[in-house]
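J.: Okay, here's the structure, questions in a sec.
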Amino acid sequence: MNDCLFCKIRDGEIKSEKLYEDDMMFIIKDIAPSAKIHYLAIPKVHYKLLKDMTPQDTIDLGKCFFRIAELSDSLGLSNGFRIVINQGEDGNQTVFHLHIHILGGEKMSNKSVF
């Protein structure tokens, strides 16, 4: 996608500190954090919404979740974290490249953070 912010970060066209990267995803800090710790895990394959995924994409996304869990201690999330995926305009998705918000570093409220 030529105009996708996350694709441009993936491709190095826009500089961003990648806290983690592998062949499936990368993790960066959110520029407008909603918690003490707020990261974005961004799959390298571009799809806008969960419903746009192929069966193989769902397997790859599952691997991303597994990797997030493996990295949680090194990301400062050993006491727990919240995962959020916003979908569509009503879901407050602002970048239409599926991404996973990882929030932690403090006790999460039961209120919606987005």
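By convention here, the chains of the structure tokens are called A, B, ... in the order presented, each chain's residues are numbered starting at 1, and ligands are numbered starting at 1 in the order presented.
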What lies within 6 Å of His97 (chain A) using only C-alpha atoms, ignoring chain neighbours under 4 positions off, as a VMD selection string?
T.: chain A and resid 46 to 48
J.: Mind checking DSSP for chain A and telling me the strand (DSSP E) residues as a list in words?
T.: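 Checking each residue of chain A, the strand (DSSP E) ones are Tyr20, Glu21, Met25, Phe26, Ile27, Ile28, Lys29, Ile37, His38, Tyr39, Leu40, Ala41, Ile42, Pro43, Phe81, Arg82, Ile83, Val84, Ile100, His101, Ile102, Leu103 and Gly104 of chain A.
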J.: Once you have the residues from the selection above, write them out as a short mmCIF file (atom, residue, chain, number, x, y, z; two decimals), in the first residue's frame, restricted to C-alpha atoms.
T.:
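Below is the file that was written, out18.cif:
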data_model
loop_
_atom_site.label_atom_id
_atom_site.label_comp_id
_atom_site.auth_asym_id
_atom_site.auth_seq_id
_atom_site.Cartn_x
_atom_site.Cartn_y
_atom_site.Cartn_z
CA TYR A 20 11.48 -6.12 17.96
CA GLU A 21 11.35 -7.45 14.42
CA MET A 25 5.91 -8.55 12.47
CA PHE A 26 7.62 -5.66 14.21
CA ILE A 27 6.91 -3.85 17.46
CA ILE A 28 7.15 -0.09 17.98
CA LYS A 29 6.08 2.35 20.70
CA ILE A 37 3.53 1.11 28.34
CA HIS A 38 1.85 1.15 24.94
CA TYR A 39 3.32 -0.75 22.00
CA LEU A 40 2.02 -1.64 18.58
CA ALA A 41 2.68 -5.08 17.11
CA ILE A 42 2.33 -4.69 13.35
CA PRO A 43 2.13 -7.65 10.97
CA PHE A 81 -0.94 -6.60 29.78
CA ARG A 82 -3.97 -5.88 27.63
CA ILE A 83 -4.25 -6.54 23.89
CA VAL A 84 -6.61 -4.49 21.72
CA ILE A 100 -2.25 -4.99 17.82
CA HIS A 101 -2.14 -2.52 20.72
CA ILE A 102 -0.21 -3.90 23.70
CA LEU A 103 -0.88 -1.95 26.89
CA GLY A 104 0.60 -2.42 30.35
#
J.: Pick from A:Gly105, A:Phe65, A:Ala32, A:Arg10: nearest to Asn79 (chain A), with only C-alpha atoms counted?
T.: A:Gly105
J.: Any idea what the distance is between CA of Leu5 (chain A) and CA of Val95 (chain A)?
T.: 7.3 Å
J.: DSSP on the backbone: what in chain A comes out helix (DSSP H, G or I), as a list in words?
T.: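 Taking chain A and keeping helix (DSSP H, G or I) only, one gets Leu5, Phe6, Cys7, Lys8, Ile9, Arg10, Leu50, Lys51, Asp52, Pro55, Gln56, Asp57, Thr58, Ile59, Asp60, Leu61, Gly62, Lys63, Cys64, Phe65, Phe66, Arg67, Ile68, Ala69, Glu70 and Leu71 of chain A.
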J.: Could you check which of A:Leu49, A:Met108, A:Leu71, A:Cys64 is closest to Glu89 (chain A), using only C-alpha atoms?
T.: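 Ranked by minimum distance to Glu89 (chain A), first place goes to A:Leu49.
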J.: Find, counting only C-alpha atoms, the residue in A:Lys18, A:Gly62, A:Lys107, A:Pro33 that gets nearest to Gly80 (chain A).
T.: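 Ranked by minimum distance to Gly80 (chain A), first place goes to A:Lys107.
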